[in-house]
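Enquirer: So that you have it, the file is entry-v5.txt, and it contains compact mmCIF, C-alpha atoms:
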```txt
# COMPACT_ATOMS: atom_id res chain seq x y z
CA MET G 1 0.83 -24.40 12.02
CA PRO G 2 -2.55 -26.09 12.64
CA ARG G 3 -5.46 -24.73 10.69
CA LEU G 4 -7.62 -22.38 12.75
CA SER G 5 -11.23 -23.32 12.07
CA ALA G 6 -13.72 -20.64 11.04
CA GLU G 7 -16.20 -21.49 13.81
CA GLY G 8 -13.64 -21.91 16.59
CA ARG G 9 -12.29 -19.25 18.88
CA HIS G 10 -8.55 -19.22 19.05
CA ALA G 11 -6.12 -17.83 21.59
CA VAL G 12 -4.39 -14.61 20.55
CA ALA G 13 -1.65 -13.03 22.68
CA PHE G 14 0.48 -9.95 22.06
CA THR G 15 1.85 -6.97 23.94
CA LEU G 16 -0.27 -3.83 24.00
CA ASN G 17 1.64 -0.70 24.95
CA GLY G 18 4.24 -2.88 26.66
CA ARG G 19 1.74 -4.99 28.61
CA ALA G 20 1.01 -8.63 27.78
CA VAL G 21 -2.63 -9.16 26.77
CA ASP G 22 -4.57 -12.11 25.41
CA GLY G 23 -8.03 -13.18 24.39
CA VAL G 24 -9.87 -15.46 22.00
CA ALA G 25 -10.97 -14.63 18.46
CA GLU G 26 -12.58 -16.27 15.47
CA PRO G 27 -10.23 -16.07 12.46
CA ARG G 28 -12.44 -13.41 10.87
CA MET G 29 -12.25 -11.00 13.82
CA LEU G 30 -10.59 -7.70 12.92
CA LEU G 31 -7.82 -6.34 15.11
CA SER G 32 -9.89 -3.17 15.60
CA ASP G 33 -12.76 -5.20 17.10
CA PHE G 34 -10.38 -7.37 19.13
CA LEU G 35 -8.77 -4.31 20.70
CA ARG G 36 -12.09 -2.66 21.52
CA HIS G 37 -14.40 -5.57 22.36
CA VAL G 38 -12.08 -8.28 23.68
CA ILE G 39 -9.30 -6.26 25.31
CA GLY G 40 -11.49 -3.24 26.12
CA ALA G 41 -8.98 -0.76 24.69
CA THR G 42 -11.52 1.62 23.18
CA GLY G 43 -9.07 4.44 22.43
CA THR G 44 -8.69 3.07 18.90
CA HIS G 45 -11.70 4.22 16.90
CA VAL G 46 -13.40 2.49 13.99
CA GLY G 47 -14.70 4.52 11.07
CA CYS G 48 -14.96 3.11 7.56
CA GLU G 49 -13.73 -0.47 8.05
CA HIS G 50 -12.07 -0.55 4.66
CA GLY G 51 -8.82 1.26 5.27
CA VAL G 52 -9.75 4.69 3.96
CA CYS G 53 -10.50 6.91 6.96
CA GLY G 54 -7.47 6.12 9.13
CA ALA G 55 -9.31 6.37 12.47
CA CYS G 56 -8.16 2.87 13.52
CA THR G 57 -4.46 3.40 12.75
CA VAL G 58 -2.19 1.68 15.30
CA GLU G 59 1.43 0.55 15.31
CA VAL G 60 2.17 -3.17 14.89
CA ASP G 61 5.84 -4.14 15.29
CA GLY G 62 6.83 -0.57 14.46
CA MET G 63 4.69 -0.40 11.30
CA LEU G 64 1.72 1.94 10.98
CA THR G 65 -1.24 -0.35 10.49
CA ARG G 66 -4.94 0.00 9.81
CA ALA G 67 -6.40 -2.17 12.57
CA CYS G 68 -9.51 -2.71 10.39
CA LEU G 69 -7.35 -4.24 7.63
CA THR G 70 -5.65 -6.64 10.03
CA LEU G 71 -6.97 -9.84 11.58
CA ALA G 72 -6.51 -10.43 15.28
CA VAL G 73 -5.02 -13.86 14.54
CA GLN G 74 -2.34 -12.21 12.38
CA VAL G 75 -0.81 -10.23 15.24
CA GLU G 76 -0.05 -13.21 17.50
CA GLY G 77 3.20 -12.43 19.31
CA SER G 78 3.43 -8.86 17.97
CA ALA G 79 4.11 -5.63 19.84
CA ILE G 80 1.21 -3.21 19.38
CA ARG G 81 1.02 0.45 20.35
CA THR G 82 -2.23 2.37 20.48
CA VAL G 83 -3.25 5.85 21.53
CA GLU G 84 -3.50 4.67 25.15
CA GLY G 85 0.29 4.28 25.11
CA LEU G 86 1.15 7.84 24.11
CA ALA G 87 0.77 9.74 27.40
CA PRO G 88 3.85 9.40 29.65
CA ALA G 89 1.64 9.28 32.79
CA PRO G 90 -2.13 9.18 33.41
CA ASP G 91 -2.22 12.89 34.25
CA ARG G 92 0.26 14.09 31.61
CA LEU G 93 -0.08 14.52 27.87
CA SER G 94 2.72 13.75 25.43
CA VAL G 95 4.33 16.70 23.63
CA LEU G 96 2.27 15.90 20.54
CA GLN G 97 -0.99 15.53 22.48
CA ALA G 98 -0.36 18.82 24.33
CA ALA G 99 0.25 20.59 20.99
CA PHE G 100 -3.05 19.16 19.70
CA ARG G 101 -4.81 20.61 22.74
CA ARG G 102 -3.20 24.07 22.41
CA HIS G 103 -3.97 24.34 18.71
CA HIS G 104 -7.51 22.92 18.87
CA ALA G 105 -6.36 20.20 16.48
CA LEU G 106 -9.43 18.18 17.36
CA GLN G 107 -13.10 18.94 17.74
CA CYS G 108 -15.17 15.75 17.92
CA GLY G 109 -12.02 13.68 18.39
CA PHE G 110 -13.16 10.68 16.37
CA CYS G 111 -10.23 10.73 13.95
CA THR G 112 -7.71 11.89 16.53
CA ALA G 113 -6.48 8.55 17.88
CA GLY G 114 -5.37 7.43 14.43
CA ILE G 115 -3.82 10.77 13.52
CA LEU G 116 -1.85 10.85 16.77
CA MET G 117 -0.46 7.36 16.08
CA SER G 118 0.58 8.34 12.54
CA LEU G 119 2.22 11.57 13.70
CA ASP G 120 3.93 9.89 16.64
CA ALA G 121 5.63 7.39 14.31
CA PHE G 122 6.27 10.04 11.65
CA LEU G 123 7.97 12.53 13.98
CA LYS G 124 10.33 9.82 15.22
CA ALA G 125 11.36 9.00 11.64
CA THR G 126 11.26 12.61 10.39
CA PRO G 127 12.26 14.92 13.25
CA ARG G 128 12.19 18.15 11.21
CA PRO G 129 9.38 17.80 8.68
CA ASP G 130 8.11 20.61 6.48
CA GLU G 131 4.42 21.36 6.05
CA ALA G 132 4.20 19.42 2.77
CA ALA G 133 5.50 16.25 4.45
CA VAL G 134 3.00 16.60 7.30
CA ARG G 135 0.16 17.12 4.82
CA ASP G 136 1.30 14.08 2.82
CA LEU G 137 1.15 11.99 5.99
CA LEU G 138 -2.28 13.40 6.88
CA SER G 139 -3.59 12.42 3.44
CA GLY G 140 -3.97 8.96 4.99
CA HIS G 141 -6.56 10.27 7.43
CA LEU G 142 -9.97 11.87 7.17
CA CYS G 143 -10.95 14.64 9.60
CA ARG G 144 -14.35 16.20 9.05
CA CYS G 145 -14.11 18.90 11.76
CA THR G 146 -10.86 20.80 11.61
CA GLY G 147 -10.02 21.35 7.96
CA TYR G 148 -6.57 19.97 8.92
CA THR G 149 -4.91 23.38 9.37
CA PRO G 150 -4.77 23.24 13.20
CA ILE G 151 -3.54 19.63 12.98
CA VAL G 152 -0.67 20.73 10.73
CA ARG G 153 0.17 23.58 13.14
CA ALA G 154 0.16 21.26 16.13
CA ALA G 155 2.34 18.70 14.33
CA LEU G 156 4.93 21.29 13.28
CA GLU G 157 5.06 22.82 16.76
CA ALA G 158 5.41 19.39 18.38
CA ALA G 159 8.20 18.54 15.90
CA ALA G 160 10.09 21.73 16.82
CA GLU G 161 9.62 21.10 20.53
CA LEU G 162 10.68 17.45 20.30
CA SER G 163 13.80 18.14 18.26
CA ALA G 164 14.80 20.99 20.62
CA THR G 165 14.44 18.60 23.58
CA GLN G 166 16.55 16.01 21.78
CA GLU G 167 19.31 18.54 21.08
CA GLU G 168 19.34 19.60 24.74
CA THR G 169 19.65 15.97 25.76
CA ALA G 170 22.42 15.43 23.22
CA HIS G 171 24.39 18.45 24.51
CA ALA G 172 23.86 17.66 28.19
CA MET B 1 -18.71 -4.66 7.39
CA LYS B 2 -17.11 -7.77 8.81
CA PRO B 3 -15.64 -10.64 6.80
CA ALA B 4 -17.65 -13.83 6.30
CA PRO B 5 -16.18 -16.78 8.24
CA PHE B 6 -13.05 -18.52 6.97
CA ASP B 7 -10.41 -20.92 8.26
CA PHE B 8 -6.97 -19.40 8.80
CA VAL B 9 -3.55 -20.92 8.16
CA ARG B 10 -0.42 -19.03 9.10
CA ALA B 11 1.94 -20.85 6.77
CA ALA B 12 5.16 -22.02 8.42
CA SER B 13 6.71 -22.88 5.06
CA LEU B 14 6.15 -22.12 1.41
CA ASP B 15 5.31 -25.79 0.84
CA GLU B 16 2.57 -25.59 3.45
CA ALA B 17 1.07 -22.51 1.76
CA LEU B 18 1.21 -24.13 -1.69
CA GLY B 19 -0.24 -27.35 -0.25
CA VAL B 20 -3.32 -25.50 1.00
CA LEU B 21 -3.76 -23.86 -2.43
CA LYS B 22 -3.43 -27.25 -4.12
CA ALA B 23 -5.99 -28.88 -1.82
CA GLU B 24 -8.53 -26.05 -1.77
CA GLY B 25 -8.19 -24.42 -5.20
CA SER B 26 -10.46 -21.42 -5.63
CA ASP B 27 -11.74 -21.74 -2.05
CA ALA B 28 -8.34 -20.64 -0.73
CA ARG B 29 -6.83 -17.19 -0.95
CA VAL B 30 -3.41 -15.92 -0.01
CA ILE B 31 -3.17 -12.91 2.27
CA ALA B 32 0.03 -10.88 2.54
CA GLY B 33 -0.11 -7.21 3.59
CA GLY B 34 -3.89 -7.24 3.20
CA GLN B 35 -4.23 -3.60 2.16
CA SER B 36 -6.48 -4.43 -0.80
CA PHE B 37 -7.70 -7.90 0.07
CA MET B 38 -8.84 -7.18 3.65
CA ALA B 39 -11.11 -4.42 2.33
CA MET B 40 -12.61 -6.93 -0.12
CA LEU B 41 -13.12 -9.41 2.74
CA ASN B 42 -14.73 -6.74 4.92
CA MET B 43 -17.11 -5.79 2.11
CA ARG B 44 -17.67 -9.50 1.41
CA LEU B 45 -16.66 -9.06 -2.22
CA ALA B 46 -14.40 -12.03 -1.48
CA ARG B 47 -15.60 -15.02 0.59
CA PRO B 48 -12.82 -17.61 0.67
CA LYS B 49 -13.17 -20.76 2.78
CA VAL B 50 -9.56 -20.59 3.90
CA LEU B 51 -7.05 -17.78 4.14
CA VAL B 52 -3.32 -18.50 3.95
CA ASP B 53 -1.10 -15.90 5.61
CA ILE B 54 2.37 -15.84 4.02
CA MET B 55 3.89 -12.93 5.92
CA ARG B 56 5.91 -15.05 8.33
CA LEU B 57 7.92 -16.80 5.62
CA PRO B 58 11.43 -15.32 5.63
CA GLU B 59 12.20 -16.82 2.20
CA LEU B 60 9.58 -14.52 0.64
CA ALA B 61 10.86 -11.34 2.31
CA THR B 62 13.82 -10.96 -0.04
CA LEU B 63 14.67 -7.94 -2.14
CA ALA B 64 17.74 -8.35 -4.31
CA GLN B 65 19.32 -7.22 -7.53
CA ALA B 66 20.51 -10.18 -9.58
CA ARG B 67 22.61 -8.75 -12.44
CA ASP B 68 20.11 -7.09 -14.76
CA GLU B 69 16.90 -7.45 -12.77
CA VAL B 70 15.52 -6.67 -9.34
CA VAL B 71 13.60 -9.54 -7.76
CA VAL B 72 11.02 -8.56 -5.16
CA GLY B 73 9.69 -11.41 -3.01
CA ALA B 74 6.03 -11.77 -2.07
CA GLY B 75 6.72 -10.69 1.52
CA VAL B 76 8.35 -7.36 0.61
CA ARG B 77 6.27 -4.42 1.71
CA GLN B 78 5.90 -1.31 -0.45
CA ALA B 79 7.57 0.86 2.22
CA GLN B 80 10.55 -1.51 2.22
CA LEU B 81 11.01 -1.15 -1.54
CA LEU B 82 10.61 2.63 -1.34
CA ALA B 83 13.29 2.79 1.38
CA TRP B 84 15.74 0.57 -0.56
CA PRO B 85 18.79 2.79 -1.17
CA ASP B 86 19.41 1.38 -4.70
CA LEU B 87 15.84 2.04 -5.89
CA PRO B 88 16.37 5.44 -7.60
CA ARG B 89 19.34 4.05 -9.54
CA ALA B 90 18.02 0.57 -10.36
CA LEU B 91 14.31 1.30 -10.82
CA PRO B 92 13.85 5.06 -11.20
CA LEU B 93 10.30 4.71 -12.57
CA ILE B 94 9.21 2.84 -9.45
CA ALA B 95 11.01 5.33 -7.22
CA LYS B 96 8.85 8.03 -8.83
CA ALA B 97 5.57 6.08 -8.93
CA LEU B 98 5.52 4.33 -5.55
CA PRO B 99 4.90 7.49 -3.47
CA TYR B 100 1.52 7.69 -5.27
CA THR B 101 0.52 4.19 -4.09
CA GLY B 102 -1.92 4.55 -1.19
CA HIS B 103 -0.56 6.38 1.85
CA VAL B 104 2.32 6.06 4.31
CA GLN B 105 -0.09 4.13 6.53
CA THR B 106 -0.92 1.54 3.84
CA ARG B 107 2.51 1.27 2.18
CA SER B 108 3.87 0.25 5.58
CA ARG B 109 1.85 -2.99 5.38
CA GLY B 110 0.91 -3.51 1.73
CA THR B 111 3.21 -5.65 -0.39
CA VAL B 112 4.53 -5.07 -3.90
CA CYS B 113 3.38 -8.49 -5.12
CA GLY B 114 0.00 -8.06 -3.41
CA SER B 115 -0.75 -4.94 -5.43
CA ILE B 116 0.18 -6.80 -8.61
CA ALA B 117 -1.97 -9.80 -7.65
CA HIS B 118 -4.90 -7.47 -6.94
CA ALA B 119 -4.52 -6.04 -10.49
CA ASP B 120 -6.52 -2.88 -10.00
CA PRO B 121 -6.47 -1.12 -13.39
CA SER B 122 -5.53 2.22 -11.86
CA ALA B 123 -2.82 0.97 -9.46
CA GLU B 124 0.75 2.20 -9.94
CA LEU B 125 2.73 -1.02 -9.45
CA PRO B 126 0.93 -3.04 -12.17
CA LEU B 127 1.50 -0.06 -14.49
CA CYS B 128 5.24 -0.06 -13.68
CA LEU B 129 5.47 -3.82 -14.22
CA VAL B 130 3.93 -3.43 -17.69
CA ALA B 131 5.97 -0.31 -18.54
CA LEU B 132 9.23 -2.04 -17.59
CA ASN B 133 8.36 -5.43 -19.16
CA GLY B 134 8.75 -7.16 -15.82
CA HIS B 135 7.81 -10.72 -14.93
CA VAL B 136 5.60 -12.44 -12.38
CA HIS B 137 7.05 -15.58 -10.78
CA LEU B 138 4.25 -18.05 -10.05
CA ALA B 139 4.52 -21.21 -7.99
CA THR B 140 2.33 -24.23 -7.37
CA ALA B 141 3.04 -27.27 -5.23
CA LYS B 142 4.42 -28.95 -8.37
CA ALA B 143 5.87 -26.35 -10.71
CA ARG B 144 7.10 -22.83 -11.20
CA ARG B 145 6.67 -20.49 -14.16
CA LYS B 146 7.51 -16.94 -15.13
CA VAL B 147 4.85 -14.86 -16.88
CA ALA B 148 5.59 -11.62 -18.71
CA ALA B 149 3.67 -8.59 -17.43
CA ALA B 150 1.88 -8.18 -20.78
CA ASP B 151 0.47 -11.72 -20.42
CA PHE B 152 -0.21 -11.57 -16.68
CA PHE B 153 -2.93 -8.93 -16.59
CA THR B 154 -6.03 -10.21 -18.37
CA GLY B 155 -8.75 -7.73 -17.35
CA MET B 156 -10.29 -5.75 -14.51
CA MET B 157 -8.73 -7.31 -11.36
CA ALA B 158 -8.14 -10.45 -13.40
CA THR B 159 -4.82 -12.16 -14.02
CA ALA B 160 -3.30 -15.28 -15.57
CA LYS B 161 -2.64 -16.71 -12.09
CA ALA B 162 -4.40 -20.06 -11.63
CA ASP B 163 -6.31 -20.85 -8.42
CA ASP B 164 -3.60 -23.17 -7.13
CA GLU B 165 -0.81 -20.73 -7.93
CA MET B 166 0.64 -17.96 -5.81
CA ILE B 167 2.98 -15.11 -6.70
CA GLU B 168 6.35 -15.96 -5.23
CA ALA B 169 8.08 -12.83 -6.54
CA VAL B 170 8.03 -10.22 -9.28
CA SER B 171 11.07 -9.07 -11.23
CA PHE B 172 11.76 -5.72 -12.84
CA PRO B 173 14.57 -5.20 -15.40
CA VAL B 174 17.17 -2.71 -14.15
CA ALA B 175 17.05 0.69 -15.84
CA GLY B 176 19.15 0.92 -18.98
CA GLY B 177 19.75 4.67 -19.07
CA ALA B 178 16.34 5.72 -20.41
CA GLY B 179 14.81 8.87 -18.96
CA THR B 180 11.80 8.12 -16.80
CA ALA B 181 8.85 10.09 -15.49
CA PHE B 182 5.60 9.33 -13.71
CA ARG B 183 2.54 11.50 -13.29
CA GLU B 184 -1.02 10.88 -12.25
CA ILE B 185 -4.26 12.71 -11.74
CA ALA B 186 -6.45 11.68 -8.79
CA ARG B 187 -9.11 13.53 -6.80
CA ARG B 188 -6.87 13.47 -3.74
CA HIS B 189 -3.29 12.36 -3.31
CA GLY B 190 -3.25 8.63 -2.57
CA ASP B 191 -6.63 7.98 -4.17
CA PHE B 192 -6.81 5.64 -7.12
CA ALA B 193 -5.70 7.40 -10.29
CA ILE B 194 -8.18 8.71 -12.84
CA VAL B 195 -5.27 8.53 -15.26
CA ALA B 196 -1.70 7.47 -14.44
CA CYS B 197 1.20 7.81 -16.89
CA GLY B 198 4.65 6.25 -16.81
CA ALA B 199 7.14 7.13 -19.56
CA LEU B 200 10.52 5.74 -20.58
CA VAL B 201 12.43 7.69 -23.22
CA SER B 202 15.65 6.31 -24.68
CA GLY B 203 17.81 7.74 -27.50
CA THR B 204 15.59 6.14 -30.13
CA ALA B 205 12.18 5.36 -28.67
CA ILE B 206 9.37 6.35 -26.35
CA ARG B 207 7.45 3.87 -24.22
CA LEU B 208 4.32 5.16 -22.51
CA ALA B 209 2.22 3.15 -20.07
CA ILE B 210 -1.25 4.29 -19.01
CA GLY B 211 -3.29 3.16 -16.02
CA GLY B 212 -6.82 4.01 -14.94
CA VAL B 213 -8.34 4.11 -18.41
CA ALA B 214 -8.55 0.61 -19.88
CA ASP B 215 -9.45 -2.39 -17.68
CA MET B 216 -5.74 -3.10 -17.22
CA PRO B 217 -2.53 -1.09 -17.61
CA ALA B 218 -1.47 -0.70 -21.24
CA ALA B 219 1.83 0.34 -22.82
CA ARG B 220 2.71 1.55 -26.31
CA ASP B 221 6.06 2.05 -28.04
CA PHE B 222 6.58 5.02 -30.30
CA PRO B 223 9.60 6.24 -32.22
CA LEU B 224 11.03 9.56 -30.97
CA LEU B 225 8.12 11.67 -32.20
CA GLU B 226 7.75 15.39 -31.65
CA GLY B 227 5.20 18.13 -32.18
CA SER B 228 1.92 17.24 -33.88
CA ALA B 229 3.12 13.73 -34.79
CA LEU B 230 3.37 12.97 -31.06
CA ASP B 231 -0.05 14.54 -30.47
CA ASP B 232 -1.54 12.31 -33.17
CA ALA B 233 0.07 9.19 -31.74
CA LEU B 234 -1.20 10.02 -28.25
CA ASN B 235 -4.67 10.73 -29.59
CA ALA B 236 -4.76 7.35 -31.32
CA PHE B 237 -3.52 5.64 -28.11
CA ALA B 238 -6.16 7.49 -26.05
CA TYR B 239 -8.95 6.15 -28.28
CA GLU B 240 -7.52 2.61 -28.36
CA LEU B 241 -7.78 2.47 -24.56
CA ASP B 242 -11.57 2.52 -24.87
CA ALA B 243 -12.21 4.84 -21.93
CA ARG B 244 -15.55 4.58 -20.11
CA ASP B 245 -17.58 7.14 -18.18
CA ASP B 246 -17.79 6.55 -14.44
CA VAL B 247 -18.50 8.53 -11.28
CA HIS B 248 -14.94 9.87 -11.19
CA ALA B 249 -14.54 11.14 -14.75
CA SER B 250 -16.01 11.01 -18.23
CA ALA B 251 -14.39 9.03 -21.02
CA ARG B 252 -13.72 12.28 -22.86
CA TYR B 253 -11.90 13.76 -19.86
CA ARG B 254 -9.80 10.60 -19.54
CA ARG B 255 -8.80 10.78 -23.22
CA GLU B 256 -7.86 14.43 -22.74
CA LEU B 257 -5.68 13.47 -19.76
CA VAL B 258 -3.96 10.74 -21.78
CA ARG B 259 -3.14 13.32 -24.46
CA ARG B 260 -2.01 16.10 -22.13
CA ILE B 261 -0.53 14.32 -19.11
CA GLY B 262 0.89 11.64 -21.41
CA ARG B 263 2.71 14.31 -23.38
CA ALA B 264 3.90 16.13 -20.23
CA THR B 265 5.19 12.83 -18.81
CA ILE B 266 7.09 12.04 -22.03
CA GLU B 267 8.62 15.52 -22.07
CA GLU B 268 9.67 15.20 -18.44
CA ALA B 269 11.26 11.80 -19.15
CA LEU B 270 13.09 13.27 -22.14
CA LYS B 271 14.56 16.02 -19.96
CA CYS B 272 15.83 13.67 -17.27
CA ARG B 273 17.48 11.30 -19.81
CA ALA B 274 21.11 10.93 -18.90
```
Represent the supplied structure as structure tokens.
Expert:
Amino acid sequence: MPRLSAEGRHAVAFTLNGRAVDGVAEPRMLLSDFLRHVIGATGTHVGCEHGVCGACTVEVDGMLTRACLTLAVQVEGSAIRTVEGLAPAPDRLSVLQAAFRRHHALQCGFCTAGILMSLDAFLKATPRPDEAAVRDLLSGHLCRCTGYTPIVRAALEAAAELSATQEETAHA
Amino acid sequence: MKPAPFDFVRAASLDEALGVLKAEGSDARVIAGGQSFMAMLNMRLARPKVLVDIMRLPELATLAQARDEVVVGAGVRQAQLLAWPDLPRALPLIAKALPYTGHVQTRSRGTVCGSIAHADPSAELPLCLVALNGHVHLATAKARRKVAAADFFTGMMATAKADDEMIEAVSFPVAGGAGTAFREIARRHGDFAIVACGALVSGTAIRLAIGGVADMPAARDFPLLEGSALDDALNAFAYELDARDDVHASARYRRELVRRIGRATIEEALKCRA
């Protein structure tokens, strides 16, 4: 591949929540900034910018990814999911999002986008998690409002609801 | 906290990646999963002129057991190794240690070789490589060489890798029936260890590796000691590691952890010996 020069702006294209998007980025531009400033998808939040807080967590090709530890030019051709892709319709929350609302699993909401992305991927891979597994997953996120307890409750309730729905579908 | 400018090459072949390293030397850096190196770029602790991305090279994404060793290519992510069905049988120490490396959200991207290249003194994978007497496979445009773990780590985030070399793979010897255990103390799960201990106990010997204390992981072999003789040996090891005070813990506390957690890790390994 040709070398992308530091000063130049280079075309980057990928799918975001199933929709093709593109823009231009210097090689040093972080995916978190590309999503927010170039694409305008500001649902992904930016906290620490060194991979610790988890606010910018998104899914890249099925892998949970810190958008602040990823360059925009690295995701060329990838499939990216962000918090904007979770709700099934503009006026409906996903099962997980609705559980967050019921349990007050967010206050200021800054960390929430990343936590929702982590839990969304986790509950697909681990349909019936115990509390320890949820807490282990949440150790990759910092929340300074909730003390995590309502987040754990919401996650466990969403897991129960999702697996019950799946069983109904399986038996239908 | 944004990286300083750099050129970017998404290598289409290993030769292309090695060619950039040959031409640019210390101005070029390899990026794989980026879970350590991107943070250093963001904080501008690293300011390379050119970054070479190796994650789209299928020849590096190989994980295979070849007779008596497991070879992990530079493109293999930590989550991939942890999910490998043969891991608990072939590399039980790594199966126990890897869940302590970062978080689900970083293991999904971070590579095994990347953690070893980064050579953080408290990281779990460098400790396992030293404990197991593994090897680092280095490549340049011209030559390849294999370096033993004990010779690879040379100091705090410093290794024997030359500027024009990249890690192509690391290899770990397959477990030979020794009991294994891993324990670590950190402020929070997933944080860097204050002290990390990996133990291998066979019918005749104990091998204990310690991370987080010296400026690189260190291992010692002991005969099958018990009681106060083991305490004395651990005490001597704790002092040899030359612990320092820092914001996380005092040197004295670290020595105490080496003595106590080291002993608990050895005892756990002894119990799980087949």
Enquirer: Here is a test: counting all atoms listed in the file, which residue of B:Met216, B:Ala61, B:Ala181, B:Ile261 is nearest to B:Pro121?
Expert: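 Closest residue, counting all atoms listed in the file: B:Met216.
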Enquirer: Might you pull out every residue within 7 Å of stretch 126-128 of chain G, with only C-alpha atoms counted and same-chain residues fewer than 5 positions away left off, and present them as a list in words?
Expert: Ala159, Ala160 and Ser163 of chain G
Enquirer: For the interface of chain B with chain G (cut-off 7 Å, counting all atoms listed in the file), please tabulate each contacting residue of chain B alongside its nearest pair of atoms and their separation in Å to one decimal, rows sorted by chain and increasing number, as CSV.
Expert:
```
residue,atom,partner,partner_atom,distance
B:Met1,CA,G:Glu49,CA,6.5
B:Pro3,CA,G:Arg28,CA,5.9
B:Ala4,CA,G:Arg28,CA,6.9
B:Pro5,CA,G:Ala6,CA,5.4
B:Phe6,CA,G:Ala6,CA,4.6
B:Asp7,CA,G:Ala6,CA,4.3
B:Phe8,CA,G:Leu4,CA,5.0
B:Val9,CA,G:Arg3,CA,5.0
B:Arg10,CA,G:Met1,CA,6.2
B:Ala11,CA,G:Met1,CA,6.4
B:Ala12,CA,G:Met1,CA,6.1
B:Gly34,CA,G:Leu69,CA,6.4
B:Gln35,CA,G:Leu69,CA,6.3
B:Met38,CA,G:Leu69,CA,5.2
B:Ala39,CA,G:His50,CA,4.6
B:Asn42,CA,G:His50,CA,6.7
B:His103,CA,G:Gly140,CA,5.3
B:Val104,CA,G:Leu137,CA,6.3
B:Gln105,CA,G:Leu64,CA,5.3
B:Thr106,CA,G:Thr65,CA,6.9
B:Ser108,CA,G:Met63,CA,5.8
B:Arg109,CA,G:Thr65,CA,6.5
B:His189,CA,G:Ser139,CA,6.8
```
Enquirer: Report as an MDAnalysis selection string all protein, DNA and RNA residues lying within 12 Å of B:Ala186, evaluated on only C-alpha atoms, omitting residues in the same chain fewer than 4 positions from it.
Expert: chainID B and resid 100:102 122:124 190:197 211:212 248:249 254 257
Enquirer: Rounded to one decimal in Å, what is the spacing between atom CA of B:Asn235 and atom CA of B:Arg255?
Expert: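 About the pair atom CA of B:Asn235 and atom CA of B:Arg255: they are 7.6 Å apart.
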Enquirer: When you draw a straight line from atom CA of B:Val72 to atom CA of B:Ile210, how long is it in Å?
Expert: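 Atom-to-atom, atom CA of B:Val72 and atom CA of B:Ile210 are spaced 22.5 Å apart.
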Enquirer: Report, in Å with one decimal, the straight-line distance from atom CA of G:Ala158 to atom CA of G:Asp91.
Expert: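 Straight-line distance from atom CA of G:Ala158 to atom CA of G:Asp91 works out to 18.8 Å.
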Enquirer: Find the residues with any atom within 8 Å of (13.7, -6.9, -10.5); use all atoms listed in the file and the coordinates as given in the file, and write the answer as a ChimeraX atom specification.
Expert: /B:64-66,68-72,134,170-174
Enquirer: Produce the centre coordinates and the three edge lengths, each in Å to one decimal, of the box along x, y and z that contains all listed atoms of stretch 58-73 of chain G with 5 Å added on each side, as AutoDock Vina command-line options.
Expert:
```
--center_x -1.3 --center_y -6.0 --center_z 11.5 --size_x 26.3 --size_y 25.8 --size_z 17.7
```
Enquirer: Would you kindly return, as a VMD selection string, each protein, DNA or RNA residue with an atom no farther than 12 Å from any atom of B:Leu270, considering all atoms listed in the file and excluding same-chain residues fewer than 2 positions away?
Expert: chain B and resid 177 to 182 199 to 208 224 to 226 263 to 268 272 to 274
Enquirer: Determine the nearest neighbour of G:Phe100 from the options G:Val21, G:Gln166, G:Thr112, G:Leu86, counting all atoms listed in the file.
Expert: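 Nearest candidate to G:Phe100 out of G:Val21, G:Gln166, G:Thr112, G:Leu86: G:Thr112.
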Enquirer: Write out as a PDB file with C-alpha atoms, keeping the file's coordinate frame each polymer residue whose atoms come within 12 Å of G:Gly85, counting all atoms listed in the file; drop sequence neighbours fewer than 5 positions from it.
Expert:
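File written: result.pdb
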```pdb
ATOM      1  CA  THR G  15       1.850  -6.970  23.940  1.00  0.00           C
ATOM      2  CA  LEU G  16      -0.270  -3.830  24.000  1.00  0.00           C
ATOM      3  CA  ASN G  17       1.640  -0.700  24.950  1.00  0.00           C
ATOM      4  CA  GLY G  18       4.240  -2.880  26.660  1.00  0.00           C
ATOM      5  CA  ARG G  19       1.740  -4.990  28.610  1.00  0.00           C
ATOM      6  CA  ALA G  41      -8.980  -0.760  24.690  1.00  0.00           C
ATOM      7  CA  GLY G  43      -9.070   4.440  22.430  1.00  0.00           C
ATOM      8  CA  THR G  44      -8.690   3.070  18.900  1.00  0.00           C
ATOM      9  CA  VAL G  58      -2.190   1.680  15.300  1.00  0.00           C
ATOM     10  CA  GLU G  59       1.430   0.550  15.310  1.00  0.00           C
ATOM     11  CA  ALA G  79       4.110  -5.630  19.840  1.00  0.00           C
ATOM     12  CA  ILE G  80       1.210  -3.210  19.380  1.00  0.00           C
ATOM     13  CA  PRO G  90      -2.130   9.180  33.410  1.00  0.00           C
ATOM     14  CA  ARG G  92       0.260  14.090  31.610  1.00  0.00           C
ATOM     15  CA  LEU G  93      -0.080  14.520  27.870  1.00  0.00           C
ATOM     16  CA  SER G  94       2.720  13.750  25.430  1.00  0.00           C
ATOM     17  CA  GLN G  97      -0.990  15.530  22.480  1.00  0.00           C
ATOM     18  CA  ALA G 113      -6.480   8.550  17.880  1.00  0.00           C
ATOM     19  CA  LEU G 116      -1.850  10.850  16.770  1.00  0.00           C
ATOM     20  CA  MET G 117      -0.460   7.360  16.080  1.00  0.00           C
ATOM     21  CA  ASP G 120       3.930   9.890  16.640  1.00  0.00           C
TER      22      ASP G 120
END
```
